[in-house]
Amino acid sequence: MKKSNLRIFSISLIVLLLITSSGILLGSWYLKNLEVTVKAKFDGQTWRFPSKIYSDSYLLYVGMHLRLEDILEKLRRLGYHETKTAPNGKGEYRYQRSSGLLDIYLHDFNYPTEPFKGIPVRIKLQGTAIDKVENGITGQEMFSLELEPELVTGLYENVWQERRLVVLADVPPLLIKAILAIEDERFDRHMGVDPVGLLRAIWVNLRAGAVVQGGSTLTQQLVKNFFLDSERTLSRKMKEAVMALIVERQYSKKEILENYLNEIYFGQKGSQGIHGIWEASQFYFSKPLSELSVGEIALTAGLIRGPNNYSPYRSVEAATRRRNVVLAKLRDDKIISRRQYDTALREALPHRDLVKVTNDAPFYVDFLRRELAENYSNDKLTAEGLRIFTSLDLQLQKIAERSLFDGLKRLEATYPALRRRGEEDSLEGAMIVIRPQTGEIKAMVGGRNYQKSQFNRVFQAKRQPGSIFKPFVYLAALMNEGSNGKKYTAVSKVDDSPFIWNYDGKEWKPGNYNDEFYGTVTFRRALEKSLNSATARIAQDVGIRRVRDLAHRLGIQSSLPAVPSLALGSAEVTPLEVAVAFSTLANNGVRTRPLTVKQVVDHNARVVEKRDVRVEKVVPAQTAYLINHLLKGVLDRGTAESARRAGFTRPAAGKTGTTNDYKDAWFVGYTPDLLAVVWVGFDNQSKLGLSGSQAALPIWTDFMKRATAGTPVTDFVPPPGVRFVEVDPLSGQLATLNCSSFVREAFAEGEEPTVTCALHLGEPLPNSRPE
């Protein structure tokens, strides 16, 4: 060989060796990287578990009035399905209209304080009232029962994958055999890639003229779900095969199978992706894995190939055909007997409507997330599977949303000038609903359309409260003496005439609505008719700083400048602050902390946080009762009496609110058990031109009529130390037989009047003496 040829050969050999070595090194590096990727997934945090937000549980009790449509809709949203026969399994119900019997087989629910155990119950309805509740097993009478909390939404990043992990020991052996038979029957014999299975799939597909069988092993499916996309390319399939081989080399068959059973996709429930066999069992059958029948096991295994195509929610016929294919395979492989096969074939798949999880309280959830962010990072909330139990009442939430939406539309129809062309300055409103005794926020609507504006006016919008601030002035007067030692009661005389309040070298002159003044009026009438001048005189006499300090104690947190106009609500506050302050009055002077989060439970059902009701006594019970008694008159005779004409008849207290510039309209009103605040206005501070009784009160009335329907009628209970007498509303003295009208008035003991009416002389009414 010539030297030149030898040199070319040597160089070529060196180049070939370099290329080969580089390829080996590159391949080794590539395989090492894949191995690192596989180990990081399997040995680290395999899955992210979204936190789930639940509503409060729903209490049913004997004597409760309810609309049948509401309770049936509630059952549907909770995943119950109707049967024509007596409920035989958890999650079923039957209603017999002729007899008024509602039979429910309750779900199990792992509630942190007391787990709900699924039992059959029977509810006997008499008209619209619950007449009787019975335990369906023992026949024992029950006086109440709770339906489990409703899933409101999840906290997740990008996608919501819903799963609960299982271990192989908890999976029925037949289900494992069925999945392996239909998805990878050579699972125990291959090393991640199955050439035999691949060739068989090719042959079967060629004979069928379509793709009827897949060649991917169970390990390859797991790798694809964990690491790869659904792109059908040769390079992707090669990568899948290599990673499957790595997985089989690094991990046992048991570990691979367990991961597969927890990972596999089983369909979609709205924004929720259903993953893993535990979730599949709950989603399709409302059962734990241990209770699945042979037919249900077969369908579960069959769904893996195409959950959206074979879902019984989509087509019972397609689901039945797919189940039968799996049953035939199990029979042919002698995994089930002929008798089991025949019995399973006769199982009828019920048609069930798919109930998607939709966030029905977006403003509430946004507020809740802000509260949670104080103690939990975003990563913890979106990855660690916390269960967050709240005070939310979804039924009240829906009523509040509907009342606000319809009320604003009605206002725009009645007053066309309120309609705006642009959505950015459209008429807006907000409502918050609180349980006074506990501080639980039961509903929150921060605007008329969350999709268009996520600005939550309940706690983010500071607006002038106007006249709804006035009760704080009157409460301060009841609690303190005036500048000359005067003690105020409901019948005290107040001057409602023009005057000038001098302060800090400045002048302030309050004016009444339409510049109409009433002269000398009673303390009660000044509040019921929301008289500005009379209110300002009381504030001046008592001291504006006392009014400010009291408002803070009641629950107003915003800065309140101690200036005369504060008495008429000139300082800006949020609807949430107003709700807290008036809840204190409704709760006999005891302030409660607003409560949304009740309990937080981790992925292992351990309670990690429990928020108890926190209370503080800030006003004497007698004084709180007196102001509530006065505010009842606002609805009975004052600026909110239109609520009575509209059909709201329950005992309730409240106050309208209108700002001097007519930019804000408010109403806050409450029964002893439920309080709601409504605000109406424009975000850009445009003039509304309507009073609180015109704009906000009708919305509140509509809500309260529907929210309290079916609940017991209650009144404010006077505490010890309160006395009642009949008084003449004009003189404020004890009513006589000659008085044309009288009012049953409440007083702190020892402060009630003792002199009979000077305007209508005569014998005192039999009941006009103090009790």
# chains A, B, ... in the order shown; residues from 1 in each chain; ligands from 1

call {"tool": "residues_around", "arguments": {"residues": "segment 593-603 of chain A", "least_positions_apart": "5", "cutoff": "9 Å", "atoms": "only C-alpha atoms", "output": "JSON, numbers by chain"}}
result
{"A": [49, 51, 56, 112, 164, 364, 367, 368, 371, 372, 384, 385, 386, 387, 388, 389, 390, 391, 392, 434, 438, 439, 440, 441, 442, 555, 576, 580, 608, 609, 610, 611, 612, 613, 614, 615, 616]}

call {"tool": "write_last_selection", "arguments": {"atoms": "C-alpha atoms", "output": "PDB file, in the first residue's frame"}}
result
ATOM      1  CA  PHE A  49     -52.608  18.108  43.971  1.00  0.00           C
ATOM      2  CA  SER A  51     -56.468  22.451  46.782  1.00  0.00           C
ATOM      3  CA  ASP A  56     -70.652  25.002  54.063  1.00  0.00           C
ATOM      4  CA  PRO A 112     -62.828  17.071  59.445  1.00  0.00           C
ATOM      5  CA  ARG A 164     -56.560  10.507  44.941  1.00  0.00           C
ATOM      6  CA  TYR A 364     -66.057  35.028  47.251  1.00  0.00           C
ATOM      7  CA  PHE A 367     -61.559  37.161  48.695  1.00  0.00           C
ATOM      8  CA  LEU A 368     -60.866  33.748  50.187  1.00  0.00           C
ATOM      9  CA  GLU A 371     -57.096  35.427  53.193  1.00  0.00           C
ATOM     10  CA  LEU A 372     -55.373  32.110  52.511  1.00  0.00           C
ATOM     11  CA  GLU A 384     -50.439  19.930  48.208  1.00  0.00           C
ATOM     12  CA  GLY A 385     -54.095  18.974  47.941  1.00  0.00           C
ATOM     13  CA  LEU A 386     -55.498  20.972  50.828  1.00  0.00           C
ATOM     14  CA  ARG A 387     -59.242  20.843  51.429  1.00  0.00           C
ATOM     15  CA  ILE A 388     -60.585  24.224  52.488  1.00  0.00           C
ATOM     16  CA  PHE A 389     -63.964  24.289  54.185  1.00  0.00           C
ATOM     17  CA  THR A 390     -65.695  27.654  54.133  1.00  0.00           C
ATOM     18  CA  SER A 391     -68.764  29.446  55.435  1.00  0.00           C
ATOM     19  CA  LEU A 392     -70.146  29.921  51.914  1.00  0.00           C
ATOM     20  CA  ILE A 434     -73.206  37.765  57.010  1.00  0.00           C
ATOM     21  CA  THR A 438     -70.721  33.964  64.008  1.00  0.00           C
ATOM     22  CA  GLY A 439     -69.373  36.506  61.539  1.00  0.00           C
ATOM     23  CA  GLU A 440     -69.601  33.891  58.794  1.00  0.00           C
ATOM     24  CA  ILE A 441     -69.695  35.453  55.344  1.00  0.00           C
ATOM     25  CA  LYS A 442     -72.434  33.446  53.652  1.00  0.00           C
ATOM     26  CA  GLY A 555     -65.865  47.300  63.110  1.00  0.00           C
ATOM     27  CA  LEU A 576     -67.534  44.801  54.243  1.00  0.00           C
ATOM     28  CA  VAL A 580     -69.203  44.012  60.271  1.00  0.00           C
ATOM     29  CA  VAL A 608     -53.850  21.948  59.731  1.00  0.00           C
ATOM     30  CA  GLU A 609     -55.912  25.015  60.616  1.00  0.00           C
ATOM     31  CA  LYS A 610     -59.191  25.617  62.386  1.00  0.00           C
ATOM     32  CA  ARG A 611     -60.541  29.136  62.616  1.00  0.00           C
ATOM     33  CA  ASP A 612     -62.962  29.515  65.467  1.00  0.00           C
ATOM     34  CA  VAL A 613     -65.528  32.237  65.880  1.00  0.00           C
ATOM     35  CA  ARG A 614     -63.780  35.190  67.540  1.00  0.00           C
ATOM     36  CA  VAL A 615     -65.913  37.658  69.458  1.00  0.00           C
ATOM     37  CA  GLU A 616     -65.489  40.818  71.519  1.00  0.00           C
TER      38      GLU A 616
END

call {"tool": "residues_around", "arguments": {"residues": "Asp184 of chain A", "least_positions_apart": "3", "cutoff": "6 Å", "atoms": "only C-alpha atoms", "output": "PyMOL selection string"}}
result
chain A and resi 180-181+187+217-218

call {"tool": "write_last_selection", "arguments": {"atoms": "N, CA and C atoms", "output": "tab-separated table (two decimals), in the first residue's frame"}}
result
chain	number	residue	atom	x	y	z
A	180	LEU	N	-54.89	-4.98	32.90
A	180	LEU	CA	-53.76	-5.63	32.23
A	180	LEU	C	-54.24	-6.43	31.02
A	181	ALA	N	-55.38	-7.10	31.14
A	181	ALA	CA	-55.89	-7.91	30.03
A	181	ALA	C	-56.22	-7.05	28.82
A	187	PHE	N	-47.59	-7.60	30.41
A	187	PHE	CA	-46.91	-6.66	31.30
A	187	PHE	C	-45.84	-7.34	32.16
A	217	THR	N	-46.92	-0.51	25.46
A	217	THR	CA	-47.08	-1.21	26.73
A	217	THR	C	-47.62	-0.24	27.78
A	218	LEU	N	-48.01	-0.80	28.88
A	218	LEU	CA	-48.48	0.02	29.99
A	218	LEU	C	-47.38	0.98	30.44

call {"tool": "residues_around", "arguments": {"residues": "Asn684 of chain A", "least_positions_apart": "6", "cutoff": "10 Å", "atoms": "only C-alpha atoms", "output": "PyMOL selection string"}}
result
chain A and resi 424-427+663

call {"tool": "write_last_selection", "arguments": {"atoms": "N, CA and C atoms", "output": "PDB file, in the first residue's frame"}}
result
ATOM      1  N   GLU A 424     -67.378  50.020  30.675  1.00  0.00           N
ATOM      2  CA  GLU A 424     -66.466  50.432  31.732  1.00  0.00           C
ATOM      3  C   GLU A 424     -67.140  51.328  32.763  1.00  0.00           C
ATOM      4  N   ASP A 425     -68.187  52.059  32.357  1.00  0.00           N
ATOM      5  CA  ASP A 425     -68.850  52.936  33.321  1.00  0.00           C
ATOM      6  C   ASP A 425     -70.312  52.545  33.503  1.00  0.00           C
ATOM      7  N   SER A 426     -70.606  51.266  33.404  1.00  0.00           N
ATOM      8  CA  SER A 426     -71.979  50.804  33.580  1.00  0.00           C
ATOM      9  C   SER A 426     -72.364  50.851  35.061  1.00  0.00           C
ATOM     10  N   LEU A 427     -73.664  50.838  35.310  1.00  0.00           N
ATOM     11  CA  LEU A 427     -74.170  50.839  36.679  1.00  0.00           C
ATOM     12  C   LEU A 427     -73.676  49.590  37.392  1.00  0.00           C
ATOM     13  N   LYS A 663     -74.252  60.117  44.667  1.00  0.00           N
ATOM     14  CA  LYS A 663     -73.372  59.209  43.919  1.00  0.00           C
ATOM     15  C   LYS A 663     -73.438  57.782  44.443  1.00  0.00           C
TER      16      LYS A 663
END

call {"tool": "closest_residue", "arguments": {"among": "A:Pro564, A:Glu428, A:Gly466, A:Val717", "to": "Asp504 of chain A", "atoms": "only C-alpha atoms"}}
result
A:Pro564

call {"tool": "residues_around", "arguments": {"residues": "Gln622 of chain A", "least_positions_apart": "3", "cutoff": "8 Å", "atoms": "only C-alpha atoms", "output": "MDAnalysis selection string"}}
result
chainID A and resid 588 625:626 718:722 748

call {"tool": "write_last_selection", "arguments": {"atoms": "N, CA, C and O atoms", "output": "PDB file, in the first residue's frame"}}
result
ATOM      1  N   ASN A 588     -76.261  41.813  69.460  1.00  0.00           N
ATOM      2  CA  ASN A 588     -76.360  42.317  70.845  1.00  0.00           C
ATOM      3  C   ASN A 588     -75.077  42.981  71.335  1.00  0.00           C
ATOM      4  O   ASN A 588     -74.706  42.848  72.504  1.00  0.00           O
ATOM      5  N   TYR A 625     -79.752  46.531  71.885  1.00  0.00           N
ATOM      6  CA  TYR A 625     -81.161  46.224  71.644  1.00  0.00           C
ATOM      7  C   TYR A 625     -81.947  47.503  71.363  1.00  0.00           C
ATOM      8  O   TYR A 625     -82.808  47.540  70.471  1.00  0.00           O
ATOM      9  N   LEU A 626     -81.673  48.560  72.110  1.00  0.00           N
ATOM     10  CA  LEU A 626     -82.395  49.816  71.920  1.00  0.00           C
ATOM     11  C   LEU A 626     -82.198  50.368  70.509  1.00  0.00           C
ATOM     12  O   LEU A 626     -83.154  50.844  69.887  1.00  0.00           O
ATOM     13  N   PRO A 718     -85.231  41.050  73.820  1.00  0.00           N
ATOM     14  CA  PRO A 718     -84.719  42.069  74.745  1.00  0.00           C
ATOM     15  C   PRO A 718     -83.942  41.431  75.890  1.00  0.00           C
ATOM     16  O   PRO A 718     -84.405  40.462  76.495  1.00  0.00           O
ATOM     17  N   PRO A 719     -82.786  41.952  76.211  1.00  0.00           N
ATOM     18  CA  PRO A 719     -82.015  41.420  77.339  1.00  0.00           C
ATOM     19  C   PRO A 719     -82.557  41.969  78.651  1.00  0.00           C
ATOM     20  O   PRO A 719     -83.371  42.907  78.659  1.00  0.00           O
ATOM     21  N   PRO A 720     -82.138  41.444  79.762  1.00  0.00           N
ATOM     22  CA  PRO A 720     -82.531  42.023  81.058  1.00  0.00           C
ATOM     23  C   PRO A 720     -82.113  43.486  81.131  1.00  0.00           C
ATOM     24  O   PRO A 720     -81.080  43.886  80.591  1.00  0.00           O
ATOM     25  N   GLY A 721     -82.969  44.286  81.781  1.00  0.00           N
ATOM     26  CA  GLY A 721     -82.644  45.710  81.905  1.00  0.00           C
ATOM     27  C   GLY A 721     -83.324  46.575  80.885  1.00  0.00           C
ATOM     28  O   GLY A 721     -83.059  47.780  80.813  1.00  0.00           O
ATOM     29  N   VAL A 722     -84.208  45.995  80.047  1.00  0.00           N
ATOM     30  CA  VAL A 722     -84.953  46.768  79.051  1.00  0.00           C
ATOM     31  C   VAL A 722     -86.428  46.752  79.449  1.00  0.00           C
ATOM     32  O   VAL A 722     -86.981  45.694  79.761  1.00  0.00           O
ATOM     33  N   ALA A 748     -84.002  51.754  78.484  1.00  0.00           N
ATOM     34  CA  ALA A 748     -83.167  51.165  79.531  1.00  0.00           C
ATOM     35  C   ALA A 748     -83.903  51.341  80.858  1.00  0.00           C
ATOM     36  O   ALA A 748     -84.542  52.369  81.103  1.00  0.00           O
TER      37      ALA A 748
END

call {"tool": "residues_around", "arguments": {"residues": "Gln161 of chain A", "least_positions_apart": "2", "cutoff": "10 Å", "atoms": "only C-alpha atoms", "output": "count of residues only"}}
result
19

call {"tool": "closest_residue", "arguments": {"among": "A:Ser583, A:Ser731, A:Asn309, A:Thr656", "to": "Leu631 of chain A", "atoms": "only C-alpha atoms"}}
result
A:Thr656
